[in-house]
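Q: To be precise about what I am sending: the file is called run.pdb and holds PDB, C-alpha atoms, pLDDT in the B column.
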```pdb
ATOM      1  CA  MET A  19     129.507 119.375  72.912  1.00 47.00           C
ATOM      2  CA  ALA A  20     129.684 119.737  76.686  1.00 49.00           C
ATOM      3  CA  SER A  21     132.957 121.514  77.273  1.00 57.00           C
ATOM      4  CA  PHE A  22     132.865 124.317  79.836  1.00 59.00           C
ATOM      5  CA  SER A  23     129.155 123.864  80.448  1.00 59.00           C
ATOM      6  CA  GLY A  24     129.479 121.929  83.707  1.00 60.00           C
ATOM      7  CA  CYS A  25     126.945 119.306  82.677  1.00 63.00           C
ATOM      8  CA  PHE A  26     127.371 115.996  80.953  1.00 69.00           C
ATOM      9  CA  PRO A  27     124.340 114.902  78.949  1.00 76.00           C
ATOM     10  CA  GLU A  28     123.755 111.148  78.744  1.00 84.00           C
ATOM     11  CA  ARG A  29     121.827 109.048  76.286  1.00 88.00           C
ATOM     12  CA  ILE A  30     120.984 105.387  76.845  1.00 88.00           C
ATOM     13  CA  PHE A  31     119.395 103.227  74.183  1.00 90.00           C
ATOM     14  CA  GLY A  32     117.548 100.034  75.078  1.00 89.00           C
ATOM     15  CA  THR A  33     115.464  97.570  73.139  1.00 90.00           C
ATOM     16  CA  LEU A  34     112.177  99.138  74.280  1.00 91.00           C
ATOM     17  CA  GLY A  35     113.089 102.783  74.601  1.00 92.00           C
ATOM     18  CA  GLU A  36     115.591 105.541  75.094  1.00 94.00           C
ATOM     19  CA  LEU A  37     116.589 107.679  78.080  1.00 88.00           C
ATOM     20  CA  GLU A  38     118.190 111.066  77.706  1.00 90.00           C
ATOM     21  CA  CYS A  39     119.381 113.220  80.585  1.00 84.00           C
ATOM     22  CA  ASP A  40     120.535 116.803  80.361  1.00 76.00           C
ATOM     23  CA  GLY A  41     122.836 116.244  83.340  1.00 69.00           C
ATOM     24  CA  MET A  42     121.014 118.801  85.419  1.00 69.00           C
ATOM     25  CA  ASN A  43     117.231 118.831  85.672  1.00 77.00           C
ATOM     26  CA  GLU A  44     115.407 116.607  83.231  1.00 84.00           C
ATOM     27  CA  ILE A  45     115.210 113.005  82.141  1.00 84.00           C
ATOM     28  CA  ARG A  46     113.465 112.395  78.847  1.00 90.00           C
ATOM     29  CA  TYR A  47     112.049 108.964  78.064  1.00 90.00           C
ATOM     30  CA  TYR A  48     111.002 107.737  74.635  1.00 94.00           C
ATOM     31  CA  ASP A  49     108.937 104.538  74.489  1.00 93.00           C
ATOM     32  CA  PHE A  50     109.575 102.824  71.145  1.00 94.00           C
ATOM     33  CA  LEU A  51     106.478 100.599  71.357  1.00 93.00           C
ATOM     34  CA  LYS A  52     103.998 103.334  72.210  1.00 94.00           C
ATOM     35  CA  ASN A  53     105.804 106.018  70.188  1.00 95.00           C
ATOM     36  CA  ARG A  54     105.458 108.302  73.206  1.00 95.00           C
ATOM     37  CA  ARG A  55     107.822 110.808  74.796  1.00 94.00           C
ATOM     38  CA  GLU A  56     107.791 111.846  78.434  1.00 90.00           C
ATOM     39  CA  THR A  57     109.899 114.323  80.383  1.00 89.00           C
ATOM     40  CA  LEU A  58     110.472 113.847  84.092  1.00 80.00           C
ATOM     41  CA  THR A  59     112.170 115.934  86.747  1.00 80.00           C
ATOM     42  CA  PRO A  60     113.894 114.390  89.797  1.00 72.00           C
ATOM     43  CA  ALA A  61     110.929 115.396  92.001  1.00 71.00           C
ATOM     44  CA  GLN A  62     108.515 113.614  89.651  1.00 69.00           C
ATOM     45  CA  LEU A  63     110.732 110.533  89.621  1.00 65.00           C
ATOM     46  CA  LEU A  64     110.434 110.212  93.382  1.00 61.00           C
ATOM     47  CA  LYS A  65     106.656 110.053  93.013  1.00 62.00           C
ATOM     48  CA  VAL A  66     106.888 107.558  90.156  1.00 56.00           C
ATOM     49  CA  LEU A  67     109.287 105.305  92.038  1.00 57.00           C
ATOM     50  CA  ASP A  68     107.117 105.478  95.155  1.00 58.00           C
ATOM     51  CA  LEU A  69     110.288 104.751  97.128  1.00 58.00           C
ATOM     52  CA  ARG A  70     109.867 101.042  96.432  1.00 59.00           C
ATOM     53  CA  GLY A  71     112.262  98.402  97.702  1.00 61.00           C
ATOM     54  CA  HIS A  72     112.353  97.532 101.389  1.00 62.00           C
ATOM     55  CA  GLY A  73     109.780 100.194 102.203  1.00 61.00           C
ATOM     56  CA  GLY A  74     111.940 102.973 100.804  1.00 64.00           C
ATOM     57  CA  GLY A  75     115.078 101.698 102.543  1.00 68.00           C
ATOM     58  CA  ASP A  76     116.873 100.986  99.286  1.00 71.00           C
ATOM     59  CA  PHE A  77     116.176 104.516  98.098  1.00 71.00           C
ATOM     60  CA  GLY A  78     117.417 105.906 101.419  1.00 73.00           C
ATOM     61  CA  LEU A  79     120.670 103.969 101.156  1.00 73.00           C
ATOM     62  CA  VAL A  80     121.307 105.166  97.632  1.00 75.00           C
ATOM     63  CA  GLU A  81     120.350 108.735  98.537  1.00 76.00           C
ATOM     64  CA  SER A  82     122.760 108.749 101.502  1.00 75.00           C
ATOM     65  CA  PHE A  83     125.525 107.258  99.368  1.00 74.00           C
ATOM     66  CA  VAL A  84     125.076 109.804  96.575  1.00 77.00           C
ATOM     67  CA  ARG A  85     124.906 112.681  99.067  1.00 77.00           C
ATOM     68  CA  GLU A  86     128.121 111.474 100.741  1.00 74.00           C
ATOM     69  CA  ILE A  87     129.904 111.417  97.387  1.00 73.00           C
ATOM     70  CA  ALA A  88     128.559 114.865  96.500  1.00 75.00           C
ATOM     71  CA  LEU A  89     129.803 116.286  99.813  1.00 74.00           C
ATOM     72  CA  ALA A  90     133.239 114.661  99.620  1.00 71.00           C
ATOM     73  CA  GLY A  91     135.918 117.216 100.344  1.00 71.00           C
ATOM     74  CA  GLN A  92     133.457 119.874 101.477  1.00 73.00           C
ATOM     75  CA  ARG A  93     133.481 121.196 105.006  1.00 72.00           C
ATOM     76  CA  VAL A  94     129.954 120.347 106.032  1.00 68.00           C
ATOM     77  CA  ASP A  95     128.512 118.776 109.146  1.00 69.00           C
ATOM     78  CA  LYS A  96     127.900 115.365 107.627  1.00 62.00           C
ATOM     79  CA  ALA A  97     126.149 114.177 110.784  1.00 63.00           C
ATOM     80  CA  ASN A  98     123.061 115.866 109.377  1.00 64.00           C
ATOM     81  CA  TYR A  99     123.316 113.779 106.228  1.00 63.00           C
ATOM     82  CA  LEU A 100     124.516 110.312 107.194  1.00 64.00           C
ATOM     83  CA  LYS A 101     121.672 108.103 108.314  1.00 64.00           C
ATOM     84  CA  THR A 102     123.687 105.318 109.922  1.00 71.00           C
ATOM     85  CA  GLY A 103     127.223 104.618 110.933  1.00 73.00           C
ATOM     86  CA  PRO A 104     129.268 101.423 110.984  1.00 75.00           C
ATOM     87  CA  LEU A 105     127.882 100.219 114.335  1.00 81.00           C
ATOM     88  CA  GLU A 106     124.255 100.528 113.239  1.00 81.00           C
ATOM     89  CA  THR A 107     125.061  98.847 109.941  1.00 80.00           C
ATOM     90  CA  PHE A 108     126.874  95.988 111.688  1.00 84.00           C
ATOM     91  CA  ASN A 109     124.068  95.462 114.198  1.00 85.00           C
ATOM     92  CA  SER A 110     121.327  95.549 111.575  1.00 85.00           C
ATOM     93  CA  HIS A 111     123.126  92.836 109.619  1.00 86.00           C
ATOM     94  CA  LEU A 112     123.643  90.819 112.798  1.00 90.00           C
ATOM     95  CA  TYR A 113     119.897  90.928 113.512  1.00 90.00           C
ATOM     96  CA  VAL A 114     119.146  89.763 109.980  1.00 90.00           C
ATOM     97  CA  PHE A 115     121.557  86.834 110.392  1.00 91.00           C
ATOM     98  CA  ALA A 116     119.919  85.979 113.734  1.00 93.00           C
ATOM     99  CA  ALA A 117     116.458  86.141 112.148  1.00 93.00           C
ATOM    100  CA  GLU A 118     117.570  83.856 109.330  1.00 92.00           C
ATOM    101  CA  HIS A 119     119.060  81.442 111.886  1.00 93.00           C
ATOM    102  CA  ALA A 120     115.737  81.441 113.757  1.00 93.00           C
ATOM    103  CA  ARG A 121     113.832  80.814 110.536  1.00 93.00           C
ATOM    104  CA  LYS A 122     116.036  77.867 109.575  1.00 94.00           C
ATOM    105  CA  THR A 123     116.103  76.257 113.023  1.00 94.00           C
ATOM    106  CA  GLY A 124     112.535  77.100 114.007  1.00 95.00           C
ATOM    107  CA  LYS A 125     113.770  78.436 117.347  1.00 94.00           C
ATOM    108  CA  VAL A 126     113.634  81.875 118.958  1.00 95.00           C
ATOM    109  CA  VAL A 127     117.082  83.473 119.034  1.00 94.00           C
ATOM    110  CA  ASN A 128     118.382  85.341 122.059  1.00 94.00           C
ATOM    111  CA  ILE A 129     120.588  87.991 120.456  1.00 92.00           C
ATOM    112  CA  GLN A 130     123.129  88.026 123.320  1.00 91.00           C
ATOM    113  CA  GLU A 131     123.537  84.239 123.123  1.00 93.00           C
ATOM    114  CA  PHE A 132     123.740  84.481 119.341  1.00 92.00           C
ATOM    115  CA  LYS A 133     126.575  87.015 119.643  1.00 90.00           C
ATOM    116  CA  ARG A 134     128.460  84.801 122.122  1.00 90.00           C
ATOM    117  CA  GLU A 135     127.962  81.679 120.010  1.00 89.00           C
ATOM    118  CA  PHE A 136     129.523  83.344 116.988  1.00 84.00           C
ATOM    119  CA  GLY A 137     132.199  85.263 118.909  1.00 87.00           C
ATOM    120  CA  VAL A 138     130.761  88.709 118.268  1.00 85.00           C
ATOM    121  CA  LYS A 139     132.045  91.364 120.650  1.00 81.00           C
ATOM    122  CA  ASP A 140     129.603  93.893 122.048  1.00 74.00           C
ATOM    123  CA  PHE A 141     130.611  97.207 120.474  1.00 64.00           C
ATOM    124  CA  SER A 142     127.736  99.291 121.816  1.00 58.00           C
TER     125      SER A 142
END
```
Is it possible to give me this structure as structure tokens?

A:
Amino acid sequence: MASFSGCFPERIFGTLGELECDGMNEIRYYDFLKNRRETLTPAQLLKVLDLRGHGGGDFGLVESFVREIALAGQRVDKANYLKTGPLETFNSHLYVFAAEHARKTGKVVNIQEFKREFGVKDFS
């Protein structure tokens, strides 16, 4: 029972193991094949994950997203928390599209010409 406690324990069963979270500080893992239990804290998980995925970028995106949700409605200076805004996000995607275009055509892309060719306004 979790009423009035402020935490919501979760339990997930898979074919190879089980995850149990107390909703606050610990994640317990049970490996069915090895018959082994392990308890991890969020700090330990960061070490285990090694911030994989785009050099830690994926973790950073998720961390920023979760922090933004957690701070919703609070009066905090979110500028200290948000890593990028819409302009940075737009430009980073534009550069990826330009790089992909260069890869497919085998030609160096001038980003200003690329923007003009596709009708992208300069928002900077």

Q: To verify the selection step, state as number ranges by chain which residues the PyMOL selection byres ((chain A and resi 108-117) around 12) yields on this input.

A: A: 102-107, 118-133, 135-142

Q: Interatomic distance between atom CA of Gly35 of chain A and atom CA of Asp49 of chain A?

A: 4.5 Å

Q: Would you give the centre and edge lengths, in Å to one decimal, of a box along x, y and z around the listed atoms of segment 110-124 of chain A, with 6 Å added to each side, as AutoDock Vina command-line options?

A:
```
--center_x 118.1 --center_y 85.9 --center_z 111.7 --size_x 23.1 --size_y 31.3 --size_z 16.7
```

Q: In Å, how far is it from atom CA of Gln92 of chain A to atom CA of Gly78 of chain A?

A: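 A separation of 21.3 Å between them.
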
Q: Would you write out, as an mmCIF file with C-alpha atoms, keeping the file's coordinate frame, every residue that the PyMOL selection byres ((chain A and resi 58) around 8) captures in this file?

A:
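File produced: result_20.cif:
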```
data_model
loop_
_atom_site.group_PDB
_atom_site.id
_atom_site.type_symbol
_atom_site.label_atom_id
_atom_site.label_comp_id
_atom_site.auth_asym_id
_atom_site.auth_seq_id
_atom_site.Cartn_x
_atom_site.Cartn_y
_atom_site.Cartn_z
ATOM 1 C CA GLU A 44 115.407 116.607 83.231
ATOM 2 C CA ILE A 45 115.210 113.005 82.141
ATOM 3 C CA ARG A 46 113.465 112.395 78.847
ATOM 4 C CA TYR A 47 112.049 108.964 78.064
ATOM 5 C CA GLU A 56 107.791 111.846 78.434
ATOM 6 C CA THR A 57 109.899 114.323 80.383
ATOM 7 C CA THR A 59 112.170 115.934 86.747
ATOM 8 C CA PRO A 60 113.894 114.390 89.797
ATOM 9 C CA GLN A 62 108.515 113.614 89.651
ATOM 10 C CA LEU A 63 110.732 110.533 89.621
#
```

Q: Kindly give the distance, in Å, that separates atom CA of Ile30 of chain A and atom CA of Ala88 of chain A, rounded to a single decimal.

A: 23.1 Å

Q: Identify all residues satisfying the PyMOL selection byres ((chain A and resi 29) around 9) in the given file; provide them as a list in words.

A: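 Written out, the selection comes to Pro27, Glu28, Ile30, Phe31, Glu36, Leu37, Glu38, Cys39 and Asp40 of chain A.
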